[in-house]
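Novice: Contents are PDB, C-alpha atoms, pLDDT in the B column; file name final.pdb:
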```pdb
MODEL        1
ATOM      1  CA  MET J   1     -67.447-178.645  92.109  1.00 53.00           C
ATOM      2  CA  ALA J   2     -68.492-175.043  91.668  1.00 60.00           C
ATOM      3  CA  TYR J   3     -72.039-174.367  92.803  1.00 86.00           C
ATOM      4  CA  TYR J   4     -72.133-170.785  91.615  1.00 94.00           C
ATOM      5  CA  THR J   5     -71.876-169.786  87.980  1.00 95.00           C
ATOM      6  CA  PRO J   6     -70.621-166.317  87.076  1.00 96.00           C
ATOM      7  CA  THR J   7     -71.746-164.107  84.276  1.00 97.00           C
ATOM      8  CA  VAL J   8     -69.762-160.952  83.554  1.00 98.00           C
ATOM      9  CA  GLY J   9     -71.063-158.044  81.568  1.00 98.00           C
ATOM     10  CA  ILE J  10     -72.043-154.425  81.153  1.00 98.00           C
ATOM     11  CA  ILE J  11     -75.273-153.228  82.769  1.00 98.00           C
ATOM     12  CA  THR J  12     -77.480-151.587  80.127  1.00 98.00           C
ATOM     13  CA  HIS J  13     -80.675-151.007  82.103  1.00 97.00           C
ATOM     14  CA  ILE J  14     -81.754-151.012  85.763  1.00 97.00           C
ATOM     15  CA  ASP J  15     -85.348-151.188  86.920  1.00 95.00           C
ATOM     16  CA  THR J  16     -87.208-152.162  90.062  1.00 91.00           C
ATOM     17  CA  GLN J  17     -89.169-155.362  89.888  1.00 79.00           C
ATOM     18  CA  THR J  18     -92.660-154.889  91.221  1.00 73.00           C
ATOM     19  CA  THR J  19     -94.918-157.670  92.405  1.00 67.00           C
ATOM     20  CA  GLY J  20     -98.478-157.882  93.633  1.00 62.00           C
ATOM     21  CA  ASN J  21     -97.121-158.330  97.160  1.00 65.00           C
ATOM     22  CA  THR J  22     -96.767-154.860  98.712  1.00 62.00           C
ATOM     23  CA  ARG J  23     -94.409-156.242 101.361  1.00 64.00           C
ATOM     24  CA  THR J  24     -91.769-157.288  98.775  1.00 66.00           C
ATOM     25  CA  SER J  25     -92.609-154.926  95.917  1.00 71.00           C
ATOM     26  CA  GLY J  26     -89.619-152.783  95.009  1.00 80.00           C
ATOM     27  CA  CYS J  27     -87.117-154.982  96.894  1.00 87.00           C
ATOM     28  CA  THR J  28     -85.605-156.632  93.816  1.00 92.00           C
ATOM     29  CA  LEU J  29     -83.634-154.935  91.076  1.00 95.00           C
ATOM     30  CA  PHE J  30     -84.077-156.078  87.485  1.00 95.00           C
ATOM     31  CA  LEU J  31     -80.868-155.556  85.526  1.00 97.00           C
ATOM     32  CA  SER J  32     -80.375-155.991  81.783  1.00 98.00           C
ATOM     33  CA  VAL J  33     -76.808-157.040  81.096  1.00 98.00           C
ATOM     34  CA  VAL J  34     -74.827-157.640  77.912  1.00 98.00           C
ATOM     35  CA  SER J  35     -72.713-160.517  79.144  1.00 97.00           C
ATOM     36  CA  GLU J  36     -69.296-161.400  77.773  1.00 95.00           C
ATOM     37  CA  ASP J  37     -70.178-165.094  77.453  1.00 92.00           C
ATOM     38  CA  GLN J  38     -73.948-165.289  76.851  1.00 93.00           C
ATOM     39  CA  GLY J  39     -74.981-162.054  75.157  1.00 95.00           C
ATOM     40  CA  GLN J  40     -78.117-160.420  76.548  1.00 97.00           C
ATOM     41  CA  VAL J  41     -79.180-161.698  80.011  1.00 97.00           C
ATOM     42  CA  ASN J  42     -81.486-160.418  82.716  1.00 96.00           C
ATOM     43  CA  ILE J  43     -80.404-160.507  86.336  1.00 97.00           C
ATOM     44  CA  LEU J  44     -82.737-160.373  89.320  1.00 95.00           C
ATOM     45  CA  LEU J  45     -80.910-158.897  92.297  1.00 96.00           C
ATOM     46  CA  PRO J  46     -83.049-159.314  95.428  1.00 93.00           C
ATOM     47  CA  ALA J  47     -82.362-157.431  98.649  1.00 92.00           C
ATOM     48  CA  THR J  48     -80.993-160.665 100.149  1.00 93.00           C
ATOM     49  CA  SER J  49     -78.166-160.950  97.582  1.00 96.00           C
ATOM     50  CA  TYR J  50     -74.644-160.083  98.681  1.00 97.00           C
ATOM     51  CA  VAL J  51     -73.186-157.085  96.821  1.00 98.00           C
ATOM     52  CA  LEU J  52     -69.458-156.556  97.315  1.00 97.00           C
ATOM     53  CA  ASN J  53     -68.800-153.511  99.497  1.00 95.00           C
ATOM     54  CA  GLY J  54     -72.494-152.537  99.207  1.00 95.00           C
ATOM     55  CA  ARG J  55     -71.682-150.583  96.046  1.00 96.00           C
ATOM     56  CA  PRO J  56     -74.805-149.519  94.109  1.00 96.00           C
ATOM     57  CA  PHE J  57     -74.765-150.500  90.432  1.00 97.00           C
ATOM     58  CA  GLN J  58     -75.176-147.992  87.615  1.00 97.00           C
ATOM     59  CA  VAL J  59     -75.866-148.304  83.906  1.00 98.00           C
ATOM     60  CA  GLY J  60     -72.509-148.774  82.158  1.00 98.00           C
ATOM     61  CA  ASP J  61     -70.884-150.661  85.040  1.00 98.00           C
ATOM     62  CA  ARG J  62     -69.032-153.891  84.303  1.00 98.00           C
ATOM     63  CA  ALA J  63     -70.077-156.371  86.955  1.00 98.00           C
ATOM     64  CA  THR J  64     -69.903-160.054  87.806  1.00 98.00           C
ATOM     65  CA  PHE J  65     -73.083-161.780  88.952  1.00 98.00           C
ATOM     66  CA  PHE J  66     -73.122-165.237  90.528  1.00 98.00           C
ATOM     67  CA  TYR J  67     -76.179-167.460  90.406  1.00 96.00           C
ATOM     68  CA  ASP J  68     -76.869-170.885  91.884  1.00 94.00           C
ATOM     69  CA  SER J  69     -76.032-173.517  89.259  1.00 89.00           C
ATOM     70  CA  MET J  70     -78.619-175.876  90.733  1.00 90.00           C
ATOM     71  CA  ALA J  71     -81.503-173.390  90.910  1.00 89.00           C
ATOM     72  CA  PRO J  72     -84.275-173.650  88.328  1.00 86.00           C
ATOM     73  CA  VAL J  73     -84.382-170.932  85.687  1.00 84.00           C
ATOM     74  CA  PRO J  74     -87.244-170.059  83.360  1.00 85.00           C
ATOM     75  CA  LEU J  75     -86.785-171.189  79.757  1.00 86.00           C
ATOM     76  CA  ILE J  76     -87.073-167.729  78.229  1.00 90.00           C
ATOM     77  CA  TYR J  77     -84.988-165.463  76.074  1.00 90.00           C
ATOM     78  CA  PRO J  78     -83.044-163.604  77.150  1.00 94.00           C
ATOM     79  CA  PRO J  79     -82.040-165.919  80.011  1.00 94.00           C
ATOM     80  CA  GLN J  80     -82.962-164.687  83.476  1.00 94.00           C
ATOM     81  CA  TYR J  81     -80.953-165.543  86.582  1.00 95.00           C
ATOM     82  CA  GLN J  82     -81.371-164.669  90.231  1.00 95.00           C
ATOM     83  CA  ALA J  83     -78.038-163.480  91.595  1.00 97.00           C
ATOM     84  CA  VAL J  84     -76.902-164.712  95.000  1.00 96.00           C
ATOM     85  CA  ALA J  85     -73.863-162.426  94.917  1.00 97.00           C
ATOM     86  CA  ALA J  86     -72.532-159.630  92.739  1.00 98.00           C
ATOM     87  CA  ALA J  87     -69.420-157.497  92.436  1.00 98.00           C
ATOM     88  CA  TYR J  88     -68.446-154.371  90.515  1.00 98.00           C
ATOM     89  CA  THR J  89     -65.541-155.567  88.361  1.00 98.00           C
ATOM     90  CA  PRO J  90     -64.184-152.872  86.057  1.00 97.00           C
ATOM     91  CA  HIS J  91     -61.813-154.059  83.314  1.00 95.00           C
ATOM     92  CA  GLY J  92     -58.693-155.539  84.884  1.00 95.00           C
ATOM     93  CA  LEU J  93     -60.561-156.967  87.885  1.00 97.00           C
ATOM     94  CA  ASN J  94     -62.185-160.370  88.207  1.00 97.00           C
ATOM     95  CA  ALA J  95     -64.376-162.015  90.818  1.00 98.00           C
ATOM     96  CA  TYR J  96     -64.559-165.679  91.830  1.00 97.00           C
ATOM     97  CA  LEU J  97     -67.047-167.338  94.196  1.00 97.00           C
ATOM     98  CA  ASP J  98     -66.138-170.838  95.305  1.00 96.00           C
ATOM     99  CA  VAL J  99     -65.060-173.030  98.195  1.00 95.00           C
ATOM    100  CA  PHE J 100     -61.284-173.249  98.575  1.00 95.00           C
ATOM    101  CA  ASP J 101     -59.392-176.160 100.155  1.00 95.00           C
ATOM    102  CA  ALA J 102     -56.460-176.150 102.604  1.00 96.00           C
ATOM    103  CA  MET J 103     -54.048-175.397  99.731  1.00 96.00           C
ATOM    104  CA  LEU J 104     -56.334-172.482  98.754  1.00 96.00           C
ATOM    105  CA  THR J 105     -57.309-174.171  95.491  1.00 96.00           C
ATOM    106  CA  SER J 106     -60.864-173.660  94.253  1.00 96.00           C
ATOM    107  CA  SER J 107     -63.176-176.670  94.186  1.00 94.00           C
ATOM    108  CA  ASP J 108     -63.201-176.631  90.374  1.00 92.00           C
ATOM    109  CA  ARG J 109     -59.360-176.667  90.405  1.00 94.00           C
ATOM    110  CA  ASN J 110     -59.131-173.537  88.243  1.00 94.00           C
ATOM    111  CA  LEU J 111     -57.661-171.005  90.691  1.00 97.00           C
ATOM    112  CA  ILE J 112     -55.026-171.030  93.445  1.00 97.00           C
ATOM    113  CA  LEU J 113     -54.750-168.115  95.871  1.00 97.00           C
ATOM    114  CA  ASN J 114     -51.320-166.814  96.935  1.00 95.00           C
ATOM    115  CA  MET J 115     -52.023-165.057 100.223  1.00 92.00           C
ATOM    116  CA  SER J 116     -48.795-163.112 100.710  1.00 85.00           C
ATOM    117  CA  GLY J 117     -48.805-159.529 101.841  1.00 80.00           C
ATOM    118  CA  ASN J 118     -51.582-157.527 103.440  1.00 90.00           C
ATOM    119  CA  ILE J 119     -54.773-158.673 101.691  1.00 94.00           C
ATOM    120  CA  PRO J 120     -58.050-157.290 103.079  1.00 95.00           C
ATOM    121  CA  MET J 121     -60.125-160.222 104.358  1.00 96.00           C
ATOM    122  CA  THR J 122     -63.635-159.486 105.582  1.00 97.00           C
ATOM    123  CA  LEU J 123     -66.924-161.067 106.449  1.00 97.00           C
ATOM    124  CA  PRO J 124     -69.986-160.117 104.362  1.00 96.00           C
ATOM    125  CA  ASN J 125     -70.928-157.520 107.001  1.00 94.00           C
ATOM    126  CA  GLY J 126     -67.600-155.714 106.475  1.00 94.00           C
ATOM    127  CA  GLN J 127     -65.945-156.874 109.686  1.00 96.00           C
ATOM    128  CA  THR J 128     -62.380-158.190 109.545  1.00 96.00           C
ATOM    129  CA  PHE J 129     -62.035-161.947 109.042  1.00 96.00           C
ATOM    130  CA  ARG J 130     -59.142-163.519 110.953  1.00 92.00           C
ATOM    131  CA  GLY J 131     -59.940-167.216 110.597  1.00 92.00           C
ATOM    132  CA  ASP J 132     -58.781-169.998 108.324  1.00 94.00           C
ATOM    133  CA  LEU J 133     -59.929-169.635 104.713  1.00 95.00           C
ATOM    134  CA  ALA J 134     -59.873-173.384 104.020  1.00 94.00           C
ATOM    135  CA  GLY J 135     -63.295-174.937 103.517  1.00 93.00           C
ATOM    136  CA  LYS J 136     -65.063-171.588 103.371  1.00 94.00           C
ATOM    137  CA  LEU J 137     -67.029-170.132 100.496  1.00 95.00           C
ATOM    138  CA  LEU J 138     -64.958-167.148  99.370  1.00 97.00           C
ATOM    139  CA  MET J 139     -65.577-164.243  97.060  1.00 97.00           C
ATOM    140  CA  VAL J 140     -62.167-163.367  95.692  1.00 98.00           C
ATOM    141  CA  ILE J 141     -61.433-160.151  93.825  1.00 98.00           C
ATOM    142  CA  TYR J 142     -58.221-160.321  91.811  1.00 97.00           C
ATOM    143  CA  GLY J 143     -56.364-158.861  88.858  1.00 96.00           C
ATOM    144  CA  ALA J 144     -53.728-160.711  86.871  1.00 94.00           C
ATOM    145  CA  THR J 145     -53.170-164.463  87.045  1.00 95.00           C
ATOM    146  CA  THR J 146     -50.398-166.755  85.941  1.00 94.00           C
ATOM    147  CA  ARG J 147     -50.912-168.681  82.712  1.00 94.00           C
ATOM    148  CA  SER J 148     -50.435-171.971  84.536  1.00 92.00           C
ATOM    149  CA  ILE J 149     -53.159-174.560  85.060  1.00 91.00           C
ATOM    150  CA  PRO J 150     -54.556-173.956  87.556  1.00 94.00           C
ATOM    151  CA  ALA J 151     -54.055-170.215  87.384  1.00 96.00           C
ATOM    152  CA  GLN J 152     -52.519-168.537  90.422  1.00 96.00           C
ATOM    153  CA  THR J 153     -53.242-165.074  91.702  1.00 97.00           C
ATOM    154  CA  MET J 154     -52.683-162.786  94.650  1.00 96.00           C
ATOM    155  CA  PRO J 155     -56.155-161.513  95.613  1.00 97.00           C
ATOM    156  CA  ARG J 156     -56.886-157.846  96.144  1.00 96.00           C
ATOM    157  CA  GLN J 157     -59.794-158.622  98.461  1.00 97.00           C
ATOM    158  CA  VAL J 158     -61.348-161.735 100.010  1.00 98.00           C
ATOM    159  CA  VAL J 159     -64.803-162.045 101.562  1.00 98.00           C
ATOM    160  CA  ALA J 160     -65.381-165.188 103.647  1.00 97.00           C
ATOM    161  CA  PHE J 161     -68.909-166.546 103.887  1.00 95.00           C
ATOM    162  CA  CYS J 162     -69.031-168.688 106.991  1.00 87.00           C
ATOM    163  CA  ASN J 163     -72.527-170.041 106.213  1.00 75.00           C
ATOM    164  CA  GLY J 164     -72.593-169.966 102.404  1.00 60.00           C
ATOM    165  CA  ALA J 165     -73.740-167.107 100.169  1.00 55.00           C
TER     166      ALA J 165
ENDMDL
END
```
Render the structure in this file as structure tokens.
Specialist:
Amino acid sequence: MAYYTPTVGIITHIDTQTTGNTRTSGCTLFLSVVSEDQGQVNILLPATSYVLNGRPFQVGDRATFFYDSMAPVPLIYPPQYQAVAAAYTPHGLNAYLDVFDAMLTSSDRNLILNMSGNIPMTLPNGQTFRGDLAGKLLMVIYGATTRSIPAQTMPRQVVAFCNGA
């Protein structure tokens, strides 16, 4: 079962969320996004969220944001989610965040990874990952997939979260 839900869209506005707490004020980005599946959404991106390759977001970027499916969300319009992870995904690239089994099939059974060739595998801190991918939460960046069910792809990049996102 997937615990993280993605939303993909174009960033239309970026602001800094300010709070009454001076210690945390300015540490969370507030992004307005026109998502491909939900229309207008707002994304809170706190300093603790993982951002692929540490790439700063800009207005006009197409990005994928993952939020915890089990976390409470305010009942407001537009919807507002707190991202646990995010990736810059220009057209032609996709991102997936899920736990993969020993056959490298995602827990929701929608994606199989074909790990042939020299695929960059890292830890969230950018260091090389040399362990077994099975049972780990992975952020997978990929391009084309097969039209089979489940879809198969050869990733372009894999980030292994050893303790969750």
Novice: Contacts of Thr18 in chain J at 8 Å or less, counting all atoms listed in the file, minus same-chain residues fewer than 5 places along, as a compact mmCIF listing (two decimals) with C-alpha atoms, in the frame of the given file?
Specialist:
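Result file is part.txt:
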```
# COMPACT_ATOMS: atom_id res chain seq x y z
CA THR J 24 -91.77 -157.29 98.78
CA SER J 25 -92.61 -154.93 95.92
CA GLY J 26 -89.62 -152.78 95.01
CA CYS J 27 -87.12 -154.98 96.89
CA THR J 28 -85.60 -156.63 93.82
```
Novice: Report as a PDB file with C-alpha atoms, in the frame of the given file all protein, DNA and RNA residues lying within 10 Å of Phe100 in chain J, evaluated on all atoms listed in the file, omitting residues in the same chain fewer than 4 positions from it.
Specialist:
```pdb
ATOM      1  CA  LEU J 104     -56.334-172.482  98.754  1.00 96.00           C
ATOM      2  CA  THR J 105     -57.309-174.171  95.491  1.00 96.00           C
ATOM      3  CA  SER J 106     -60.864-173.660  94.253  1.00 96.00           C
ATOM      4  CA  SER J 107     -63.176-176.670  94.186  1.00 94.00           C
ATOM      5  CA  ASP J 108     -63.201-176.631  90.374  1.00 92.00           C
ATOM      6  CA  ARG J 109     -59.360-176.667  90.405  1.00 94.00           C
ATOM      7  CA  LEU J 111     -57.661-171.005  90.691  1.00 97.00           C
ATOM      8  CA  ILE J 112     -55.026-171.030  93.445  1.00 97.00           C
ATOM      9  CA  LEU J 113     -54.750-168.115  95.871  1.00 97.00           C
ATOM     10  CA  LEU J 133     -59.929-169.635 104.713  1.00 95.00           C
ATOM     11  CA  ALA J 134     -59.873-173.384 104.020  1.00 94.00           C
ATOM     12  CA  GLY J 135     -63.295-174.937 103.517  1.00 93.00           C
ATOM     13  CA  LYS J 136     -65.063-171.588 103.371  1.00 94.00           C
ATOM     14  CA  LEU J 137     -67.029-170.132 100.496  1.00 95.00           C
ATOM     15  CA  LEU J 138     -64.958-167.148  99.370  1.00 97.00           C
TER      16      LEU J 138
END
```
Novice: Could I get the residues of range 74-123 of chain J with an atom no further than 7 Å from an atom of range 29-44 of chain J, each paired with its nearest atom pair and that distance in Å to one decimal, using all atoms listed in the file, sorted by chain and residue number, as JSON lines?
Specialist:
```
{"residue": "J:Pro78", "atom": "CA", "partner": "J:Val41", "partner_atom": "CA", "distance": 5.2}
{"residue": "J:Pro79", "atom": "CA", "partner": "J:Val41", "partner_atom": "CA", "distance": 5.1}
{"residue": "J:Gln80", "atom": "CA", "partner": "J:Asn42", "partner_atom": "CA", "distance": 4.6}
{"residue": "J:Tyr81", "atom": "CA", "partner": "J:Ile43", "partner_atom": "CA", "distance": 5.1}
{"residue": "J:Gln82", "atom": "CA", "partner": "J:Leu44", "partner_atom": "CA", "distance": 4.6}
{"residue": "J:Ala83", "atom": "CA", "partner": "J:Leu44", "partner_atom": "CA", "distance": 6.1}
```
Novice: Can you list, as a ChimeraX atom specification, the residues that the PyMOL selection byres ((chain J and resi 54-64) around 8) selects here?
Specialist: /J:6-14,50-53,65-66,86-91,94-95
Novice: Check what the PyMOL selection byres ((chain J and resi 152-162) around 6) selects in the file above and give those residues as a list in words.
Specialist: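 Evaluating the PyMOL selection byres ((chain J and resi 152-162) around 6) on this file yields Leu111, Ile112, Leu113, Asn114, Ile119, Pro120, Met121, Thr122, Leu123, Leu137, Leu138, Met139, Val140, Ile141, Tyr142, Thr145, Thr146, Ala151, Asn163 and Gly164 of chain J.
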Novice: What's the separation between CA of Gly143 in chain J and CA of Leu93 in chain J, in Å to one decimal place?
Specialist: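 Between CA of Gly143 in chain J and CA of Leu93 in chain J the gap is 4.7 Å.
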Novice: In Å, rounded to a single decimal, give me how far CA of Pro46 in chain J is from CA of Ala85 in chain J.
Specialist: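 For CA of Ala85 in chain J relative to CA of Pro46 in chain J, the distance reads 9.7 Å.
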Novice: Quick one, how far is CA of Val84 in chain J from CA of Thr128 in chain J?
Specialist: 21.6 Å
Novice: Report the residues retrieved by the PyMOL selection byres ((chain J and resi 68) around 7) from the displayed file, expressed as an NGL selection string.
Specialist: :J and (3-5 or 66-67 or 69-71 or 84)
